[in-house]
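*Asks:* I'd like to ask some things about the structure below.
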Amino acid sequence: MTLSVGNASSARIVGIGTALGERVVTNEDLSEMVDTSDEWIIERTGIKQRNIGGTTAGLAARAGTAAMEVAGVDPSSIDMLILATTTPDRCVPASSSRVQEALGLDCGAMDVNAACSGFVYSLVAGHGMIAMGHERVLVIGAEVLSRITDWNDRATCILFADGSGAAVLERSEQGSDLLGWHVASDGSMEEQLYCEHDGYIQMAGQAVFKKAVLVMEESARQSMKQAGLTADDIDVVVPHQANVRIVETACKRLRIPYEKAAMVIERTGNTSSASIPLALDDAVRSGRINEGDNVLLVGFGAGMTSASALLRWSGAPARAF
């Protein structure tokens, strides 16, 4: 079931920022570790390089700092921190507590684990919290997937990477940028993509591919329906950066030209909950997204979760940190 806050939240994104792991790992680097090649990886995934290194809290703090600086807000003005991550630095406490301390925040803080859908889940939750009275919410997606990746498994090590993206949400008198949203989960798909404690990511690639395309399509259609818009009204799609083929197929099923998709996977790989804000940041900084554009965020993740949010872009700036 989908519940709607409609425009009641009266919140807008006023700043975004990102951070990547310190070390660049190219396809050529991986070809020296496992039986693969640059051509093989690009053909199947669209990835040419990825960044690894750092901690979840450290990457989150860097992106959060950038987003607050761009928004021109003081840490003391943040009422809530929501950290989307599937790779917390510790089992206990939540990594958001560590990020809160690093950023000098004096507010509530919590982790959200919806895997690669986590940032959109958290963005929707942040709008809801502003609808209930908060003035500003900092939403961050951060991952250190290199820590749970088996670097001897060529099926997975070519995909995953480390990074973070953040957005500052602020109460607005001009109405909300959130026109429609949808979140869902299909627990029957749990065994197709998972990681045990102290283990490595396990993935049934073909099963995930087929289901991912369907849940992305369904979620996007639900958000468009709630917003009263059609595929023709979408100016830019910001998808989860999992695999170029998945995005191409989902766009085709939605009848949205692939050229409208904001893609950074070539440079960043799959960074789970960080991938959508990383692509959003890049699209804003490059001028692909402009004030008044209808922007569709959509993704899927382990669980299998799915999520989408349709935004009327309010002109928020972005800067990599």
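Chain identifiers are assigned as A, B, and so on, following the order in which chains appear in the structure tokens; residues are numbered from 1 within each chain, and ligands are numbered from 1 in order of appearance.
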Write out as a tab-separated table a residue-level contact list of segment 28-79 of chain A versus segment 97-113 of chain A with cut-off 6 Å: for each qualifying residue the closest pair of atoms and the distance in Å to one decimal, counting only C-alpha atoms, rows sorted by chain and residue number upward.

*Replies:*
```
residue	atom	partner	partner_atom	distance
A:Ala57	CA	A:Val99	CA	5.3
A:Ala61	CA	A:Val99	CA	5.6
A:Pro75	CA	A:Leu105	CA	5.3
A:Ser76	CA	A:Leu105	CA	5.8
A:Asp79	CA	A:Cys107	CA	5.2
```

*Asks:* Please provide as a ChimeraX atom specification all residues within 10 Å of Gly17 of chain A, with the sequence filter that same-chain residues fewer than 4 positions apart are discarded (counting only C-alpha atoms).

*Replies:* /A:60,62-71,140,164-168,277-278,280-282,317-321

*Asks:* His182 of chain A: which residues within 10 Å, counting only C-alpha atoms, same-chain residues fewer than 6 positions away excluded, as a ChimeraX atom specification?

*Replies:* /A:1-4,120-121,124,218-224,226,298,306-310

*Asks:* Print the selection's residues with N, CA, C and O atoms to a file, as a compact mmCIF listing (two decimals), in the first residue's frame.

*Replies:*
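part37.txt was written with the following content:
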```txt
# COMPACT_ATOMS: atom_id res chain seq x y z
N MET A 1 0.84 -1.19 0.00
CA MET A 1 0.00 0.00 0.00
C MET A 1 0.88 1.24 0.00
O MET A 1 1.91 1.29 0.65
N THR A 2 0.48 2.26 -0.73
CA THR A 2 1.20 3.52 -0.79
C THR A 2 0.39 4.61 -0.13
O THR A 2 -0.77 4.82 -0.44
N LEU A 3 1.01 5.30 0.83
CA LEU A 3 0.38 6.44 1.46
C LEU A 3 0.96 7.70 0.87
O LEU A 3 2.14 7.77 0.53
N SER A 4 0.17 8.75 0.77
CA SER A 4 0.63 9.97 0.14
C SER A 4 0.60 11.14 1.10
O SER A 4 -0.35 11.33 1.84
N VAL A 120 16.03 7.12 -1.63
CA VAL A 120 14.68 7.58 -1.96
C VAL A 120 13.74 7.32 -0.78
O VAL A 120 12.90 8.17 -0.44
N TYR A 121 13.86 6.17 -0.14
CA TYR A 121 13.09 5.91 1.08
C TYR A 121 13.31 7.03 2.08
O TYR A 121 12.37 7.56 2.68
N VAL A 124 11.79 10.49 1.07
CA VAL A 124 10.34 10.52 1.33
C VAL A 124 10.09 10.68 2.83
O VAL A 124 9.24 11.48 3.25
N GLU A 218 7.13 -0.37 -12.37
CA GLU A 218 5.92 -0.26 -11.57
C GLU A 218 6.01 0.93 -10.62
O GLU A 218 5.05 1.71 -10.47
N SER A 219 7.15 1.08 -9.94
CA SER A 219 7.29 2.18 -8.99
C SER A 219 7.20 3.53 -9.70
O SER A 219 6.52 4.45 -9.24
N ALA A 220 7.88 3.66 -10.84
CA ALA A 220 7.84 4.91 -11.59
C ALA A 220 6.42 5.24 -12.03
O ALA A 220 5.98 6.40 -11.95
N ARG A 221 5.69 4.24 -12.49
CA ARG A 221 4.31 4.47 -12.93
C ARG A 221 3.43 4.93 -11.76
O ARG A 221 2.56 5.79 -11.93
N GLN A 222 3.66 4.36 -10.59
CA GLN A 222 2.86 4.76 -9.42
C GLN A 222 3.14 6.21 -9.04
O GLN A 222 2.22 6.97 -8.70
N SER A 223 4.40 6.62 -9.09
CA SER A 223 4.74 8.01 -8.76
C SER A 223 4.15 8.98 -9.80
O SER A 223 3.64 10.04 -9.44
N MET A 224 4.24 8.62 -11.06
CA MET A 224 3.68 9.48 -12.11
C MET A 224 2.17 9.59 -11.98
O MET A 224 1.59 10.68 -12.13
N GLN A 226 0.41 9.29 -9.21
CA GLN A 226 0.12 10.12 -8.04
C GLN A 226 0.31 11.60 -8.35
O GLN A 226 -0.43 12.46 -7.86
N VAL A 298 14.35 6.92 -9.39
CA VAL A 298 13.77 5.57 -9.32
C VAL A 298 14.87 4.53 -9.19
O VAL A 298 15.93 4.64 -9.81
N SER A 306 12.02 -1.38 -3.76
CA SER A 306 11.96 -0.46 -4.90
C SER A 306 11.40 0.86 -4.39
O SER A 306 10.69 0.90 -3.39
N ALA A 307 11.76 1.94 -5.08
CA ALA A 307 11.31 3.26 -4.64
C ALA A 307 11.45 4.26 -5.76
O ALA A 307 12.33 4.15 -6.61
N SER A 308 10.56 5.25 -5.75
CA SER A 308 10.65 6.34 -6.71
C SER A 308 10.10 7.61 -6.09
O SER A 308 9.30 7.56 -5.15
N ALA A 309 10.56 8.72 -6.60
CA ALA A 309 10.07 10.03 -6.16
C ALA A 309 10.08 10.95 -7.36
O ALA A 309 11.09 11.02 -8.08
N LEU A 310 8.99 11.63 -7.59
CA LEU A 310 8.89 12.57 -8.71
C LEU A 310 8.95 13.99 -8.15
O LEU A 310 8.10 14.39 -7.35
```

*Asks:* Please list as a list in words every residue within 7 Å of Ala231 of chain A, counting only C-alpha atoms and excluding residues in the same chain fewer than 4 positions away.

*Replies:*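 In the requested format, the answer is Leu254, Arg255 and Ile256 of chain A.
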
*Asks:* Write out as a list of chain:residue names the residues lying within 9 Å of Ala242 of chain A, counting only C-alpha atoms and excluding same-chain residues fewer than 5 positions away.

*Replies:*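 The contact residues come out as A:Thr45, A:Cys116, A:Leu159, A:Phe160, A:Val247, A:Ile265, A:Gly269, A:Asn270, A:Thr271, A:Ser272, A:Ser275, A:Gly299, A:Phe300.
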
*Asks:* Would you put the residues from that selection into a file with all heavy atoms, as a PDB file, in the first residue's frame?

*Replies:*
```pdb
ATOM      1  N   THR A  45      28.009  -4.069 -18.182  1.00  0.00           N
ATOM      2  CA  THR A  45      27.581  -3.192 -17.092  1.00  0.00           C
ATOM      3  C   THR A  45      27.603  -1.703 -17.424  1.00  0.00           C
ATOM      4  O   THR A  45      26.872  -0.928 -16.835  1.00  0.00           O
ATOM      5  CB  THR A  45      28.473  -3.388 -15.852  1.00  0.00           C
ATOM      6  OG1 THR A  45      29.789  -2.893 -16.133  1.00  0.00           O
ATOM      7  CG2 THR A  45      28.558  -4.859 -15.476  1.00  0.00           C
ATOM      8  N   CYS A 116      19.744  -0.441  -2.030  1.00  0.00           N
ATOM      9  CA  CYS A 116      19.955   0.588  -3.058  1.00  0.00           C
ATOM     10  C   CYS A 116      18.785   1.557  -3.198  1.00  0.00           C
ATOM     11  O   CYS A 116      18.933   2.612  -3.823  1.00  0.00           O
ATOM     12  CB  CYS A 116      20.244  -0.073  -4.393  1.00  0.00           C
ATOM     13  SG  CYS A 116      21.579  -1.287  -4.337  1.00  0.00           S
ATOM     14  N   LEU A 159      31.264  -4.712 -10.087  1.00  0.00           N
ATOM     15  CA  LEU A 159      30.102  -3.849  -9.950  1.00  0.00           C
ATOM     16  C   LEU A 159      30.209  -2.799  -8.858  1.00  0.00           C
ATOM     17  O   LEU A 159      29.861  -1.634  -9.073  1.00  0.00           O
ATOM     18  CB  LEU A 159      28.854  -4.702  -9.652  1.00  0.00           C
ATOM     19  CG  LEU A 159      28.448  -5.740 -10.700  1.00  0.00           C
ATOM     20  CD1 LEU A 159      27.319  -6.597 -10.152  1.00  0.00           C
ATOM     21  CD2 LEU A 159      28.040  -5.058 -11.998  1.00  0.00           C
ATOM     22  N   PHE A 160      30.679  -3.195  -7.681  1.00  0.00           N
ATOM     23  CA  PHE A 160      30.428  -2.398  -6.485  1.00  0.00           C
ATOM     24  C   PHE A 160      31.557  -1.429  -6.140  1.00  0.00           C
ATOM     25  O   PHE A 160      32.724  -1.653  -6.461  1.00  0.00           O
ATOM     26  CB  PHE A 160      30.131  -3.332  -5.312  1.00  0.00           C
ATOM     27  CG  PHE A 160      28.929  -4.193  -5.558  1.00  0.00           C
ATOM     28  CD1 PHE A 160      29.046  -5.568  -5.691  1.00  0.00           C
ATOM     29  CD2 PHE A 160      27.673  -3.616  -5.676  1.00  0.00           C
ATOM     30  CE1 PHE A 160      27.933  -6.361  -5.929  1.00  0.00           C
ATOM     31  CE2 PHE A 160      26.556  -4.400  -5.924  1.00  0.00           C
ATOM     32  CZ  PHE A 160      26.685  -5.774  -6.054  1.00  0.00           C
ATOM     33  N   VAL A 247      18.837  -0.075 -16.795  1.00  0.00           N
ATOM     34  CA  VAL A 247      18.275   1.263 -16.994  1.00  0.00           C
ATOM     35  C   VAL A 247      17.708   1.412 -18.401  1.00  0.00           C
ATOM     36  O   VAL A 247      16.607   1.943 -18.591  1.00  0.00           O
ATOM     37  CB  VAL A 247      19.332   2.346 -16.719  1.00  0.00           C
ATOM     38  CG1 VAL A 247      18.765   3.733 -17.005  1.00  0.00           C
ATOM     39  CG2 VAL A 247      19.819   2.267 -15.278  1.00  0.00           C
ATOM     40  N   ILE A 265      27.361   5.835 -13.860  1.00  0.00           N
ATOM     41  CA  ILE A 265      27.873   4.502 -13.544  1.00  0.00           C
ATOM     42  C   ILE A 265      29.215   4.226 -14.211  1.00  0.00           C
ATOM     43  O   ILE A 265      30.052   3.495 -13.681  1.00  0.00           O
ATOM     44  CB  ILE A 265      26.845   3.413 -13.939  1.00  0.00           C
ATOM     45  CG1 ILE A 265      27.276   2.052 -13.372  1.00  0.00           C
ATOM     46  CG2 ILE A 265      26.639   3.357 -15.443  1.00  0.00           C
ATOM     47  CD1 ILE A 265      26.250   0.958 -13.554  1.00  0.00           C
ATOM     48  N   GLY A 269      30.544   3.198 -10.758  1.00  0.00           N
ATOM     49  CA  GLY A 269      30.088   1.856 -10.440  1.00  0.00           C
ATOM     50  C   GLY A 269      28.796   1.895  -9.653  1.00  0.00           C
ATOM     51  O   GLY A 269      28.106   2.918  -9.585  1.00  0.00           O
ATOM     52  N   ASN A 270      28.456   0.777  -9.039  1.00  0.00           N
ATOM     53  CA  ASN A 270      27.235   0.664  -8.236  1.00  0.00           C
ATOM     54  C   ASN A 270      27.567   0.999  -6.783  1.00  0.00           C
ATOM     55  O   ASN A 270      28.247   0.237  -6.101  1.00  0.00           O
ATOM     56  CB  ASN A 270      26.682  -0.754  -8.349  1.00  0.00           C
ATOM     57  CG  ASN A 270      25.396  -0.955  -7.550  1.00  0.00           C
ATOM     58  OD1 ASN A 270      25.037  -0.149  -6.701  1.00  0.00           O
ATOM     59  ND2 ASN A 270      24.702  -2.050  -7.825  1.00  0.00           N
ATOM     60  N   THR A 271      27.060   2.123  -6.305  1.00  0.00           N
ATOM     61  CA  THR A 271      27.316   2.563  -4.931  1.00  0.00           C
ATOM     62  C   THR A 271      26.059   2.456  -4.063  1.00  0.00           C
ATOM     63  O   THR A 271      25.937   3.146  -3.049  1.00  0.00           O
ATOM     64  CB  THR A 271      27.826   4.008  -4.912  1.00  0.00           C
ATOM     65  OG1 THR A 271      26.901   4.841  -5.622  1.00  0.00           O
ATOM     66  CG2 THR A 271      29.203   4.116  -5.561  1.00  0.00           C
ATOM     67  N   SER A 272      25.136   1.585  -4.453  1.00  0.00           N
ATOM     68  CA  SER A 272      23.933   1.311  -3.660  1.00  0.00           C
ATOM     69  C   SER A 272      23.177   2.593  -3.321  1.00  0.00           C
ATOM     70  O   SER A 272      22.809   3.348  -4.221  1.00  0.00           O
ATOM     71  CB  SER A 272      24.306   0.512  -2.409  1.00  0.00           C
ATOM     72  OG  SER A 272      23.170   0.067  -1.711  1.00  0.00           O
ATOM     73  N   SER A 275      24.056   5.927  -5.049  1.00  0.00           N
ATOM     74  CA  SER A 275      24.113   6.072  -6.505  1.00  0.00           C
ATOM     75  C   SER A 275      23.154   7.120  -7.045  1.00  0.00           C
ATOM     76  O   SER A 275      23.503   7.883  -7.949  1.00  0.00           O
ATOM     77  CB  SER A 275      23.870   4.721  -7.189  1.00  0.00           C
ATOM     78  OG  SER A 275      22.506   4.384  -7.245  1.00  0.00           O
ATOM     79  N   GLY A 299      14.619   3.537  -8.339  1.00  0.00           N
ATOM     80  CA  GLY A 299      15.615   2.496  -8.157  1.00  0.00           C
ATOM     81  C   GLY A 299      15.057   1.246  -7.514  1.00  0.00           C
ATOM     82  O   GLY A 299      13.864   1.163  -7.192  1.00  0.00           O
ATOM     83  N   PHE A 300      15.934   0.294  -7.299  1.00  0.00           N
ATOM     84  CA  PHE A 300      15.596  -0.977  -6.674  1.00  0.00           C
ATOM     85  C   PHE A 300      16.786  -1.411  -5.840  1.00  0.00           C
ATOM     86  O   PHE A 300      17.895  -0.891  -5.979  1.00  0.00           O
ATOM     87  CB  PHE A 300      15.302  -2.040  -7.737  1.00  0.00           C
ATOM     88  CG  PHE A 300      16.542  -2.451  -8.486  1.00  0.00           C
ATOM     89  CD1 PHE A 300      17.268  -3.570  -8.093  1.00  0.00           C
ATOM     90  CD2 PHE A 300      17.007  -1.711  -9.557  1.00  0.00           C
ATOM     91  CE1 PHE A 300      18.427  -3.937  -8.764  1.00  0.00           C
ATOM     92  CE2 PHE A 300      18.171  -2.063 -10.234  1.00  0.00           C
ATOM     93  CZ  PHE A 300      18.887  -3.183  -9.832  1.00  0.00           C
TER      94      PHE A 300
END
```

*Asks:* Write out as a PyMOL selection string which residues come within 12 Å of Phe209 of chain A when counting only C-alpha atoms, dropping same-chain ones fewer than 4 positions away.

*Replies:* chain A and resi 44-45+189+192-193+203-205+213-216+242-250+300-302+304

*Asks:* Residues within 8 Å of Leu123 of chain A, please, as a list in words. Count only C-alpha atoms; anything in the same chain fewer than 4 positions from it doesn't count.

*Replies:* Phe119, His127 and Val139 of chain A

*Asks:* Go through A:Gly21, A:Ala279, A:Ile16, A:Gly315 and flag the residue nearest Gly72 of chain A, using only C-alpha atoms for the distances.

*Replies:*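 Closest to Gly72 of chain A of all the choices is A:Ile16.
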
*Asks:* Of the residues A:Asp177, A:Asp89, A:Glu190, A:Glu28, which is the one nearest to Val295 of chain A, using only C-alpha atoms?

*Replies:* A:Asp177

*Asks:* What is the atom CA of Asp186 of chain A to atom CA of Gly228 of chain A distance in Å?

*Replies:* 25.7 Å

*Asks:* Using DSSP secondary structure from the backbone, list all strand (DSSP E or B) positions within segment 194-318 of chain A, as JSON, numbers by chain.

*Replies:* {"A": [194, 202, 203, 236, 237, 238, 239, 261, 270, 294, 295, 296, 297, 298, 299, 300, 301, 305, 306, 307, 308, 309, 310, 311, 312, 318]}

*Asks:* I'd like to know which residues of segment 50-211 of chain A are alpha helix (DSSP H) (by DSSP, run on the backbone); could you write them as an MDAnalysis selection string?

*Replies:* chainID A and resid 56:71 95:103 118:131 154:157 205:211

*Asks:* When distances are computed from only C-alpha atoms, which of A:Met80, A:Leu296, A:Leu145, A:Ala131 shows the smallest separation from Leu20 of chain A?

*Replies:*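 For Leu20 of chain A, the nearest of the given residues is A:Leu145.
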
*Asks:* Using only C-alpha atoms, find the one residue out of A:Val25, A:Ile42, A:Leu169, A:Ala155 that sits nearest to Val73 of chain A.

*Replies:*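 Of the candidates, the smallest distance to Val73 of chain A is held by A:Leu169.
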
*Asks:* Taking into account only C-alpha atoms, which residue in the set A:Ala114, A:Ala94, A:Tyr194, A:Ile130 is nearest to Thr305 of chain A?

*Replies:*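 Selected residue with least distance to Thr305 of chain A: A:Ala114.
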
*Asks:* Between A:His197, A:Glu22, A:Ala227, A:Ala11, single out the one closest to Arg90 of chain A, counting only C-alpha atoms.

*Replies:*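 Result for the nearest residue to Arg90 of chain A: A:His197.
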